[in-house]
Each structure stands twice: as structure tokens, then as C-alpha cells.
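Content type mmCIF, C-alpha atoms, from the file target-v8.cif:
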data_protein
loop_
_atom_site.label_atom_id
_atom_site.label_comp_id
_atom_site.auth_asym_id
_atom_site.auth_seq_id
_atom_site.Cartn_x
_atom_site.Cartn_y
_atom_site.Cartn_z
CA MET A 1 13.11 -17.47 45.98
CA LYS A 2 15.01 -19.96 43.81
CA LYS A 3 11.65 -21.31 42.65
CA VAL A 4 10.69 -17.82 41.51
CA PHE A 5 13.86 -17.49 39.43
CA MET A 6 13.30 -20.96 37.95
CA LEU A 7 9.71 -20.11 36.97
CA LEU A 8 10.79 -16.86 35.30
CA ALA A 9 13.56 -18.66 33.37
CA VAL A 10 11.10 -21.27 32.09
CA CYS A 11 8.62 -18.56 31.07
CA ALA A 12 11.30 -16.63 29.18
CA THR A 13 12.42 -19.78 27.33
CA VAL A 14 8.89 -20.63 26.24
CA ALA A 15 8.30 -17.00 25.25
CA PHE A 16 11.31 -16.89 22.94
CA ALA A 17 10.33 -20.25 21.43
CA THR A 18 6.81 -19.02 20.58
CA ALA A 19 7.96 -15.63 19.29
CA GLN A 20 9.33 -16.71 15.92
CA THR A 21 6.11 -16.42 13.89
CA THR A 22 4.76 -13.20 15.42
CA VAL A 23 7.64 -10.71 15.67
CA ARG A 24 8.90 -11.22 12.13
CA GLY A 25 8.83 -7.86 10.35
CA SER A 26 8.40 -5.78 13.52
CA LYS A 27 10.55 -2.67 13.78
CA LEU A 28 12.49 -1.57 16.83
CA THR A 29 10.09 1.32 17.38
CA ASP A 30 7.00 -0.90 17.23
CA ASN A 31 5.00 -2.12 20.25
CA VAL A 32 6.12 0.68 22.57
CA SER A 33 3.82 1.98 25.32
CA VAL A 34 3.86 4.74 27.92
CA GLY A 35 1.93 4.78 31.16
CA ILE A 36 1.33 6.70 34.36
CA GLN A 37 0.48 5.18 37.72
CA ALA A 38 -0.37 6.20 41.27
CA GLY A 39 -1.07 4.35 44.48
CA GLY A 40 0.68 3.57 47.72
CA VAL A 41 3.56 1.67 49.29
CA THR A 42 3.86 0.39 52.87
CA PRO A 43 6.57 -1.52 54.80
CA ALA A 44 6.08 -5.30 54.84
CA SER A 45 7.00 -5.74 58.52
CA HIS A 46 7.64 -3.91 61.84
CA HIS A 47 5.37 -1.02 60.84
CA ALA A 48 1.69 -0.21 60.81
CA PHE A 49 0.34 -1.45 57.46
CA PHE A 50 -1.93 1.53 56.84
CA GLY A 51 -0.47 4.02 59.30
CA ASP A 52 2.96 4.04 57.64
CA ALA A 53 1.69 3.83 54.04
CA ARG A 54 2.94 6.51 51.66
CA PRO A 55 1.33 7.76 48.42
CA THR A 56 3.29 6.93 45.26
CA VAL A 57 3.28 8.27 41.67
CA GLY A 58 5.27 7.12 38.66
CA LEU A 59 5.87 6.63 34.95
CA THR A 60 6.45 3.49 32.84
CA LEU A 61 8.01 3.12 29.38
CA ALA A 62 7.73 -0.39 27.92
CA LYS A 63 8.75 -2.26 24.78
CA GLU A 64 7.15 -5.60 23.87
CA PHE A 65 9.39 -7.84 21.75
CA THR A 66 6.75 -10.55 21.27
CA PRO A 67 3.16 -11.01 22.45
CA VAL A 68 4.68 -12.85 25.42
CA ILE A 69 7.90 -11.12 26.46
CA GLY A 70 8.84 -7.47 26.95
CA LEU A 71 10.98 -5.03 28.93
CA ALA A 72 10.01 -1.91 30.86
CA ALA A 73 11.69 1.03 32.58
CA GLU A 74 9.67 2.19 35.59
CA PHE A 75 10.23 5.25 37.80
CA ASN A 76 8.23 5.69 41.02
CA SER A 77 8.49 8.35 43.72
CA VAL A 78 7.13 8.05 47.26
CA ILE A 79 5.55 11.30 48.50
CA ASN A 80 6.46 12.59 51.98
CA ALA A 81 3.09 12.40 53.74
CA GLN A 82 4.37 14.61 56.60
CA HIS A 83 4.82 17.58 54.26
CA ASN A 84 1.83 19.85 53.69
CA LEU A 85 1.86 20.78 49.98
CA LEU A 86 0.22 24.18 50.65
CA LEU A 87 1.47 25.29 54.08
CA GLY A 88 4.88 23.60 54.24
CA PRO A 89 6.07 21.12 56.92
CA LYS A 90 3.74 20.46 59.84
CA ASN A 91 6.68 20.72 62.22
CA ASP A 92 10.31 21.67 62.06
CA PRO A 93 12.19 18.33 62.01
CA ALA A 94 14.56 18.25 59.06
CA ASN A 95 13.15 15.01 57.67
CA THR A 96 9.81 16.71 56.95
CA LYS A 97 11.30 19.39 54.70
CA LYS A 98 11.52 17.02 51.71
CA TRP A 99 8.69 16.66 49.19
CA PHE A 100 9.57 12.97 48.56
CA ASP A 101 10.65 10.19 50.88
CA ALA A 102 12.20 7.93 48.23
CA SER A 103 12.37 7.11 44.52
CA ASN A 104 13.04 3.91 42.62
CA LEU A 105 14.13 3.42 38.98
CA SER A 106 13.71 -0.19 37.83
CA GLY A 107 14.38 -2.27 34.73
CA LEU A 108 11.75 -5.00 34.52
CA LEU A 109 11.22 -8.20 32.56
CA ARG A 110 7.51 -8.68 31.70
CA ILE A 111 5.93 -12.05 30.78
CA ASN A 112 2.37 -11.95 29.40
CA LEU A 113 0.84 -15.02 31.05
CA VAL A 114 -2.34 -14.91 28.94
CA ASN A 115 -0.41 -15.12 25.65
CA LEU A 116 2.07 -17.58 27.15
CA PHE A 117 -0.55 -20.23 27.86
CA LYS A 118 -3.01 -19.31 25.07
CA ASP A 119 -2.15 -18.85 21.40
CA TYR A 120 -2.13 -15.20 20.36
CA THR A 121 -4.73 -14.71 17.60
CA GLY A 122 -3.50 -11.37 16.24
CA GLU A 123 -5.49 -9.14 18.61
CA PRO A 124 -5.30 -8.88 22.41
CA GLY A 125 -8.26 -10.00 24.50
CA LEU A 126 -10.07 -7.96 27.09
CA ILE A 127 -7.62 -8.75 29.92
CA ASP A 128 -3.83 -9.13 30.00
CA VAL A 129 -1.93 -10.48 33.01
CA LYS A 130 1.83 -9.90 33.10
CA ALA A 131 4.35 -11.33 35.56
CA VAL A 132 6.96 -8.66 36.37
CA TYR A 133 10.45 -9.07 37.77
CA GLY A 134 13.63 -6.99 37.78
CA PHE A 135 16.19 -4.85 39.57
CA GLY A 136 16.50 -1.14 40.18
CA TRP A 137 18.23 1.74 41.88
CA GLY A 138 16.60 3.25 44.96
CA HIS A 139 17.23 6.54 46.67
CA GLU A 140 16.00 7.80 50.06
CA TYR A 141 15.83 11.53 50.80
CA TYR A 142 16.66 12.92 54.24
CA GLY A 143 16.80 16.45 55.58
CA GLY A 144 19.99 18.19 56.61
CA GLY A 145 21.84 18.04 53.27
CA GLU A 146 22.49 15.55 50.49
CA ASN A 147 25.14 13.73 52.50
CA ASN A 148 22.36 12.21 54.57
CA ASP A 149 20.64 10.65 51.52
CA ARG A 150 21.06 6.93 50.85
CA ASP A 151 21.35 4.90 47.61
CA PHE A 152 20.64 1.18 47.43
CA LEU A 153 19.90 -1.67 44.99
CA THR A 154 16.28 -2.81 44.74
CA SER A 155 14.50 -5.84 43.37
CA LYS A 156 10.86 -6.07 42.41
CA ALA A 157 8.40 -8.89 41.68
CA GLY A 158 4.72 -8.48 40.93
CA LEU A 159 1.81 -8.66 38.53
CA ASP A 160 0.29 -6.22 36.07
CA PHE A 161 -3.43 -6.69 35.41
CA GLY A 162 -4.44 -4.78 32.26
CA ILE A 163 -7.89 -4.16 30.77
CA ASN A 164 -7.71 -3.34 27.03
CA LEU A 165 -10.08 -0.59 25.89
CA GLY A 166 -11.20 0.92 22.59
CA ALA A 167 -11.82 -0.49 19.12
CA ASP A 168 -8.06 -0.54 18.43
CA LYS A 169 -7.15 -1.80 21.93
CA ALA A 170 -4.75 1.15 22.18
CA TRP A 171 -5.61 2.05 25.81
CA GLN A 172 -5.21 -0.03 28.92
CA ILE A 173 -6.28 0.37 32.54
CA ASN A 174 -3.73 -1.21 34.90
CA VAL A 175 -3.68 -2.54 38.46
CA LYS A 176 -0.14 -3.39 39.66
CA PRO A 177 0.40 -5.23 42.98
CA ALA A 178 4.10 -5.86 43.70
CA TYR A 179 6.68 -6.61 46.37
CA VAL A 180 9.80 -4.42 46.45
CA TRP A 181 12.97 -5.34 48.34
CA ALA A 182 15.74 -2.97 49.41
CA TYR A 183 18.28 -5.47 48.13
CA THR A 184 21.32 -3.73 49.66
CA ASP A 185 21.66 -0.80 52.05
CA GLY A 186 24.67 0.64 50.22
CA GLU A 187 27.15 -0.86 52.66
CA THR A 188 26.49 -4.56 53.17
CA ALA A 189 24.70 -7.24 51.20
CA ILE A 190 21.26 -7.86 52.63
CA GLY A 191 19.59 -10.06 50.02
CA TYR A 192 15.88 -10.84 49.92
CA ASN A 193 14.84 -9.99 53.49
CA ASN A 194 11.25 -9.18 54.43
CA HIS A 195 12.51 -6.71 57.03
CA PHE A 196 13.60 -4.54 54.12
CA GLY A 197 10.63 -5.23 51.87
CA HIS A 198 7.68 -3.07 50.88
CA ILE A 199 4.24 -3.90 49.52
CA GLU A 200 3.27 -1.74 46.57
CA LEU A 201 -0.18 -1.30 45.00
CA LEU A 202 -0.51 1.01 41.99
CA ALA A 203 -3.20 1.75 39.41
CA GLY A 204 -2.71 3.59 36.14
CA VAL A 205 -3.37 4.17 32.46
CA THR A 206 -1.23 2.94 29.54
CA TYR A 207 -1.25 4.09 25.91
CA LYS A 208 0.21 1.84 23.19
CA LEU A 209 1.88 3.88 20.45
CA LYS A 210 0.91 3.22 16.83
CA ASN A 211 3.05 0.64 15.01
CA SER A 212 4.41 0.57 11.47
CA ASN A 213 1.71 -1.99 10.60
CA GLY A 214 -0.97 0.64 11.29
CA THR A 215 -2.26 -0.98 14.50
CA HIS A 216 -1.42 -0.60 18.19
CA ASN A 217 -0.71 -4.30 18.77
CA PHE A 218 1.09 -7.28 17.26
CA THR A 219 -0.16 -8.74 13.98
CA LEU A 220 0.48 -12.32 12.98
CA VAL A 221 2.68 -13.26 10.03
CA LYS A 222 1.24 -16.14 8.04
CA GLU A 223 3.73 -18.94 7.52
CA TYR A 224 3.82 -21.08 4.36
CA ASP A 225 5.19 -24.60 4.24
CA GLN A 226 7.34 -25.72 1.31
CA ALA A 227 4.53 -27.70 -0.32
CA GLU A 228 2.34 -24.60 -0.40
CA VAL A 229 5.18 -22.50 -1.82
CA ASP A 230 5.83 -25.13 -4.52
CA GLY A 231 2.13 -25.15 -5.41
CA LEU A 232 2.09 -21.36 -5.79
CA ASN A 233 5.24 -21.46 -7.94
CA ALA A 234 3.60 -24.06 -10.16
CA LYS A 235 0.57 -21.80 -10.64
CA VAL A 236 2.83 -18.86 -11.48
CA ASN A 237 4.74 -20.92 -14.06
CA ASP A 238 1.45 -22.14 -15.59
CA LEU A 239 0.23 -18.53 -15.92
CA ARG A 240 3.52 -17.58 -17.56
CA ASN A 241 3.15 -20.42 -20.08
CA GLN A 242 -0.42 -19.32 -20.85
CA LEU A 243 0.79 -15.75 -21.39
CA SER A 244 3.57 -16.93 -23.73
CA ALA A 245 1.05 -19.01 -25.73
CA LYS A 246 -1.23 -15.97 -26.09
CA ASP A 247 1.72 -13.86 -27.25
CA ARG A 248 2.51 -16.46 -29.92
CA LYS A 249 -1.14 -16.54 -31.00
CA ILE A 250 -1.21 -12.73 -31.28
CA ALA A 251 1.95 -12.78 -33.40
CA ALA A 252 0.49 -15.46 -35.70
CA ASP A 253 -2.76 -13.51 -36.08
CA ALA A 254 -0.80 -10.36 -36.90
CA ALA A 255 1.15 -12.20 -39.60
CA ALA A 256 -2.07 -13.62 -41.08
CA LEU A 257 -3.66 -10.16 -41.07
CA LYS A 258 -0.67 -8.68 -42.86
CA LYS A 259 -0.86 -11.39 -45.50
CA LEU A 260 -4.56 -10.71 -46.08
CA GLN A 261 -3.88 -6.96 -46.31
CA ASP A 262 -1.16 -7.57 -48.90
CA GLU A 263 -3.50 -9.76 -50.92
CA LEU A 264 -6.24 -7.10 -50.74
CA ASN A 265 -3.86 -4.40 -51.93
CA ALA A 266 -2.76 -6.63 -54.81
CA CYS A 267 -6.39 -7.18 -55.82
CA ARG A 268 -7.09 -3.46 -55.72
CA ASN A 269 -4.05 -2.67 -57.84
CA LYS A 270 -5.01 -5.38 -60.28
CA SER A 271 -8.57 -4.05 -60.59
CA ASN A 272 -7.27 -0.52 -61.17
CA GLU A 273 -4.97 -1.74 -63.90
CA SER A 274 -7.78 -3.75 -65.52
CA ALA A 275 -10.20 -0.82 -65.39
CA ASN A 276 -7.67 1.59 -66.79
CA ALA A 277 -6.75 -0.85 -69.57
CA GLY A 278 -10.40 -1.47 -70.46
CA ALA A 279 -11.37 2.21 -70.47
CA GLY A 280 -8.21 3.59 -72.03
CA LYS A 281 -8.43 5.74 -75.15
CA GLY A 282 -4.83 5.55 -76.34
CA VAL A 283 -1.96 7.69 -75.15
CA ASN A 284 -4.17 10.78 -74.95
CA SER A 285 -6.59 9.28 -72.38
CA LEU A 286 -5.75 8.09 -68.85
CA GLU A 287 -8.00 6.90 -65.98
CA THR A 288 -7.55 6.39 -62.26
CA ASN A 289 -10.04 5.05 -59.70
CA VAL A 290 -10.87 6.20 -56.17
CA PHE A 291 -12.81 3.50 -54.26
CA PHE A 292 -15.21 4.23 -51.38
CA ALA A 293 -16.68 2.33 -48.42
CA GLN A 294 -20.34 1.27 -48.52
CA GLY A 295 -22.68 4.25 -48.11
CA LYS A 296 -19.72 6.69 -47.84
CA SER A 297 -18.54 9.56 -49.98
CA THR A 298 -15.48 10.40 -47.87
CA ILE A 299 -12.08 9.61 -49.40
CA SER A 300 -10.17 7.20 -47.12
CA ALA A 301 -6.46 7.58 -46.39
CA ALA A 302 -5.71 4.50 -48.50
CA GLN A 303 -7.27 6.16 -51.62
CA LEU A 304 -5.60 9.57 -51.30
CA PRO A 305 -2.59 8.57 -53.46
CA ASN A 306 -4.97 7.96 -56.39
CA VAL A 307 -6.27 11.56 -56.15
CA GLU A 308 -2.72 12.86 -55.82
CA ARG A 309 -1.76 10.96 -58.99
CA VAL A 310 -4.40 12.91 -60.97
CA ALA A 311 -3.30 16.22 -59.43
CA ASN A 312 0.35 15.63 -60.27
CA TYR A 313 -0.47 14.76 -63.86
CA LEU A 314 -2.54 17.92 -64.29
CA LYS A 315 0.26 20.05 -62.84
CA ASN A 316 2.84 18.43 -65.12
CA HIS A 317 0.61 18.73 -68.23
CA PRO A 318 -0.93 22.21 -68.42
CA ASN A 319 -3.16 21.30 -71.39
CA ALA A 320 -4.69 18.24 -69.72
CA LYS A 321 -8.26 18.23 -68.42
CA VAL A 322 -10.17 15.77 -66.27
CA ALA A 323 -13.75 14.40 -66.20
CA ILE A 324 -14.95 12.76 -62.96
CA ASN A 325 -17.75 10.17 -62.94
CA GLY A 326 -19.12 8.71 -59.73
CA TYR A 327 -20.82 5.31 -59.29
CA ALA A 328 -22.55 3.28 -56.56
CA SER A 329 -23.04 -0.43 -55.80
CA PRO A 330 -26.51 -2.00 -56.10
CA GLU A 331 -27.39 -1.76 -52.38
CA GLY A 332 -30.06 0.82 -51.50
CA GLY A 333 -32.66 2.69 -53.54
CA LYS A 334 -32.15 4.57 -56.80
CA ALA A 335 -32.46 8.05 -55.29
CA ILE A 336 -29.87 7.28 -52.63
CA ASN A 337 -27.44 5.72 -55.11
CA ASP A 338 -27.81 8.64 -57.54
CA LYS A 339 -27.00 11.10 -54.77
CA LEU A 340 -24.16 8.93 -53.42
CA SER A 341 -22.51 8.59 -56.86
CA LYS A 342 -22.74 12.37 -57.39
CA ASN A 343 -21.22 13.06 -53.91
CA ARG A 344 -18.30 10.71 -54.67
CA ALA A 345 -17.46 12.60 -57.85
CA GLU A 346 -17.77 15.91 -55.98
CA ALA A 347 -15.43 14.62 -53.23
CA VAL A 348 -12.65 14.01 -55.77
CA LYS A 349 -13.26 17.41 -57.39
CA ASN A 350 -13.13 19.26 -54.06
CA ARG A 351 -9.93 17.45 -53.09
CA LEU A 352 -8.22 18.49 -56.35
CA ILE A 353 -9.26 22.13 -55.95
CA LYS A 354 -8.75 22.65 -52.18
CA LYS A 355 -5.75 20.43 -51.51
CA TYR A 356 -3.82 20.64 -54.79
CA LYS A 357 -5.06 24.06 -56.08
CA ILE A 358 -6.23 22.72 -59.46
CA ASP A 359 -8.05 25.36 -61.51
CA PRO A 360 -11.80 24.44 -61.55
CA SER A 361 -11.89 25.22 -65.29
CA ARG A 362 -9.72 22.16 -65.93
CA ILE A 363 -12.39 19.88 -64.45
CA VAL A 364 -14.68 19.59 -67.42
CA GLU A 365 -17.26 17.23 -65.96
CA VAL A 366 -18.44 16.08 -62.52
CA LYS A 367 -21.26 13.56 -62.88
CA GLY A 368 -23.08 11.00 -60.75
CA ASN A 369 -24.11 7.90 -62.71
CA GLY A 370 -26.03 5.95 -60.07
CA VAL A 371 -25.41 2.20 -59.91
CA GLY A 372 -22.41 1.22 -61.97
CA ASN A 373 -21.61 -2.05 -63.77
CA LEU A 374 -18.01 -1.38 -64.65
CA PHE A 375 -16.71 -4.29 -62.55
CA SER A 376 -18.04 -7.82 -62.19
CA GLU A 377 -17.65 -7.57 -58.44
CA PRO A 378 -20.59 -5.30 -57.39
CA THR A 379 -18.82 -3.79 -54.38
CA TRP A 380 -15.98 -2.49 -56.62
CA ASN A 381 -18.50 -0.17 -58.32
CA ARG A 382 -18.39 2.15 -55.28
CA VAL A 383 -15.95 4.30 -57.24
CA ALA A 384 -15.21 7.69 -58.74
CA ILE A 385 -13.30 7.43 -62.05
CA SER A 386 -11.12 10.33 -63.15
CA THR A 387 -10.53 10.37 -66.93
CA ILE A 388 -7.70 12.65 -68.15
CA THR A 389 -7.60 13.89 -71.71
CA GLU A 390 -5.14 16.09 -73.56
#

Representation of the structure as C-alpha cells:
Amino acid sequence: MKKVFMLLAVCATVAFATAQTTVRGSKLTDNVSVGIQAGGVTPASHHAFFGDARPTVGLTLAKEFTPVIGLAAEFNSVINAQHNLLLGPKNDPANTKKWFDASNLSGLLRINLVNLFKDYTGEPGLIDVKAVYGFGWGHEYYGGGENNDRDFLTSKAGLDFGINLGADKAWQINVKPAYVWAYTDGETAIGYNNHFGHIELLAGVTYKLKNSNGTHNFTLVKEYDQAEVDGLNAKVNDLRNQLSAKDRKIAADAAALKKLQDELNACRNKSNESANAGAGKGVNSLETNVFFAQGKSTISAAQLPNVERVANYLKNHPNAKVAINGYASPEGGKAINDKLSKNRAEAVKNRLIKKYKIDPSRIVEVKGNGVGNLFSEPTWNRVAISTITE
């Protein structure tokens, strides 16, 4: 018996040593299973092996802490074979009036021998074999009142052969041979004595409850060595540097774009001033230009202030009138450019009337002049020129 204890101690030590990489992250409620079992129990000596056998039923609640080591609470009851479940006792002796002969509640240590000697790959195989050992509390039922019942300490050693079923390996069929000792009789210490031992053979079904990881079994946690962690950190830092460089490039491009936009606005203002100066007719004649995109006759947001300038002047000078002349750049045919220049002049007119409520009678001319040559840069001739006169 000392050899048995020594073997279990060695198994438990190895199990705890191999558990460090697999149980990390598991919750207390993970890897719990419930099972039912039924079978028979018979005295180990001084009785007929089959003649004195009794049917047995029970329940098991287990918690696995690692793929190797776990604990279980097991409750078994031995049925009184002398009691007829339908007609009552076969005879009148008091000891046949009980439904059960005995019961045993045990706390058991379970060592998974398959996972102990073979690395666990993250999913159980077809067959599990567990070594089981522990102690319990037994109770025998006698007729004639509760004072005749007897309590005693038990000890149990055995095996649990399990066949894993289903795609998720959530179900298990079990065969459980074991040896159970009545360790004490409630009065004197008896120890491990075959005269007070029983052979137990049970079969049952176990269901493994679903874990927080979404499976019904242990999953492996991948370990990283320091070199691998350093390599990953280096990659992260490199990506951060690349991102910072791109941010700097975006900022530089934005600054360059702003500079170009400022230069473009300066050129436009300069061209407007030059056109107005060249076409001016003294203090009684003013001009302003509204430029258009290629092939377009829609006034862009950037040109709206030029239309508003004409409207404000007309409102502030009731005697002023305006003539609008539209032009096009050389691209395209004559018919298209004639129509496009006319539409540009009409766009300015409609804006003055609809947006700023200018009286149509104050717009003395709206004319399309086709391709213009007012500016040396051909694209600047996509314009509608408003000439104000007193």
C-alpha cells in the first residue's frame, strides 16, 4: 500500500509541473463535468462473489485543474436486492425493509495517465484513462430504527476508462473498476484490510460543461520566449516609425499645397487687376471678372465674391447699370464655344437677379462672344466680364 501512495505522489508532482502552460487563463468554473453511473459491488472475501453482489447507482461531479490532475465528488448507493420495488419486502425481517443497503460519499484525486505520459495537444484523444484515489464517508442502513445504522470512513482506489464522443468531445462513456475499503468501523481503526473490502464495477455517462473559451476541454496557451517578444517589439517600433514618417510627409505636402494655392490666388487677383486696369473707362466705368472651369458655365464657390461685388455696387449706386460679356478658351468647336460663352454670361445675370434681387432692367446687355483673346494665357479667357457704367 505504501507503493500505491508513493506512485500517486509522484504522479501529482509531475502533473503540477506540466500544468503551467495549459491552465493559464482558465476560470474556476471551467472544465467541470457531471456524470451518472450504475453497476454492482460485491465483498472481496468471505462471501459469494456473484451471489452477494448488490446493484449500485450514483452521481459524480468533477473539476479538472489541468489536463492531468483533477478532483471529483462521487456519491454511490447500494440497492437492497432483498426488497421488491413493486410488492415490498419478500419476507418480514427488519433488514429487508430498507430500499438501500449502504451509501458512500467520496472525495477523489484523479490523474489522467494518458496526458501524464503523452503531451496534451489541445484536444483529448479517443480514450482517457484516469487513476483514482481518495477517502469518503460510508453509511450502512439497517432495519429497526436509525440507531442500528452504522457510519464509517472509506477509502477507494481504481481506474476510470473514458471514451470521448462527439465533434466537441463533450460526452464520455465511462467504465470504472475500483476497490473500496471500509477503512474504519466507527469504533476501532481497521486500516486497509481485505476482509472489509469491496470490489466495485460501474459504467456511466459523463457530460463536460462548456468552458469560457467556447470549448468543452482544455485549450493550450502559446508561450513566447524573450527573443520572440523582443522581435515583435522591434517590428511594432518599426511600424510606429514608418507611421510617423508618413505623418511628416502628409504635413509637408499640405504645406506645399497651401503655398501653391496662395500663389494661384495671387495670380488670379493680379490678372483681375490687370484686366480691370486695361479695360477701364475712367471713374464712370468699372469691370470685374468671373472665371470658369473648362467646359463649365457653373459659378464655383471661389468666384462667388466677384458676383457679389457687382451686386453690392449696383445696390449702393441706383443709377448704375451693368453689361455682361461671356468668353471661352480656344478648346472645342466654334458652335460649342459660342454657346458656352453665352451660358457664362447668363449664369452671372441669373445670379444677380435670383440671389441679390437686382432689377433685370439694370442689366443692359448679356452677350456671348465665343473665343476670347483678352488675356495672353488662353485658359484665363474662360470668363464672364461685368462692366458697370453710371

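Taking only C-alpha atoms, the non-local environment of stretch 342-352 of chain A within 6 Å (same-chain residues fewer than 2 positions away omitted) comprises Ser297, Ile324, Asn325, Gly326, Lys339, Leu340, Lys354, Lys355, Tyr356, Ile358, Val366, Lys367, Gly368 and Ala384 of chain A.
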
Enumerate, as a PDB file with C-alpha atoms, in the coordinates of the input, the residues matched when the PyMOL selection byres ((chain A and resi 294) around 9) is run on the file above.
ATOM      1  CA  PHE A 292     -15.210   4.230 -51.380  1.00  0.00           C
ATOM      2  CA  ALA A 293     -16.680   2.330 -48.420  1.00  0.00           C
ATOM      3  CA  GLY A 295     -22.680   4.250 -48.110  1.00  0.00           C
ATOM      4  CA  LYS A 296     -19.720   6.690 -47.840  1.00  0.00           C
ATOM      5  CA  SER A 297     -18.540   9.560 -49.980  1.00  0.00           C
ATOM      6  CA  ALA A 328     -22.550   3.280 -56.560  1.00  0.00           C
ATOM      7  CA  SER A 329     -23.040  -0.430 -55.800  1.00  0.00           C
ATOM      8  CA  GLU A 331     -27.390  -1.760 -52.380  1.00  0.00           C
ATOM      9  CA  THR A 379     -18.820  -3.790 -54.380  1.00  0.00           C
ATOM     10  CA  ARG A 382     -18.390   2.150 -55.280  1.00  0.00           C
TER      11      ARG A 382
END

A:Glu74 environment, 9 Å, all atoms listed in the file, sequence neighbours closer than 5 positions dropped, as an NGL selection string: :A and (58-62 or 104-108 or 136)

Output the selection as an mmCIF file, keeping the file's coordinate frame - C-alpha atoms for each residue.
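As written to disk, out20.cif reads:
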data_model
loop_
_atom_site.group_PDB
_atom_site.id
_atom_site.type_symbol
_atom_site.label_atom_id
_atom_site.label_comp_id
_atom_site.auth_asym_id
_atom_site.auth_seq_id
_atom_site.Cartn_x
_atom_site.Cartn_y
_atom_site.Cartn_z
ATOM 1 C CA GLY A 58 5.270 7.120 38.660
ATOM 2 C CA LEU A 59 5.870 6.630 34.950
ATOM 3 C CA THR A 60 6.450 3.490 32.840
ATOM 4 C CA LEU A 61 8.010 3.120 29.380
ATOM 5 C CA ALA A 62 7.730 -0.390 27.920
ATOM 6 C CA ASN A 104 13.040 3.910 42.620
ATOM 7 C CA LEU A 105 14.130 3.420 38.980
ATOM 8 C CA SER A 106 13.710 -0.190 37.830
ATOM 9 C CA GLY A 107 14.380 -2.270 34.730
ATOM 10 C CA LEU A 108 11.750 -5.000 34.520
ATOM 11 C CA GLY A 136 16.500 -1.140 40.180
#

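Residue nearest A:Ala178, chosen from A:Gly191, A:Gly40, A:Pro67, A:Gly166 and counting all atoms listed in the file: A:Gly40.
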
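Between atom CA of A:Tyr313 and atom CA of A:Glu390 there is a distance of 10.8 Å.
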
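Once A:Asp168 and its same-chain neighbours fewer than 6 positions away are set aside, Glu123, Pro124, Lys208, Lys210, Thr215, His216 and Asn217 of chain A remain within 10 Å of it when counting all atoms listed in the file.
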
Which residue is closest to A:Arg309? Choose from A:Val129, A:Ala255, A:Val371, A:Ile388 and count only C-alpha atoms. A:Ile388

Box centre and edge lengths (Å, one decimal), axis-aligned, stretch 97-108 of chain A plus 3 Å each side, as lines of an AutoDock Vina configuration file:
center_x = 11.5
center_y = 7.2
center_z = 44.6
size_x = 11.7
size_y = 30.4
size_z = 26.2

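Ranking A:Phe75, A:Trp99, A:Phe65, A:Phe135 by their shortest atom-to-atom distance to A:Ile111, with all atoms listed in the file included, puts A:Phe65 first.
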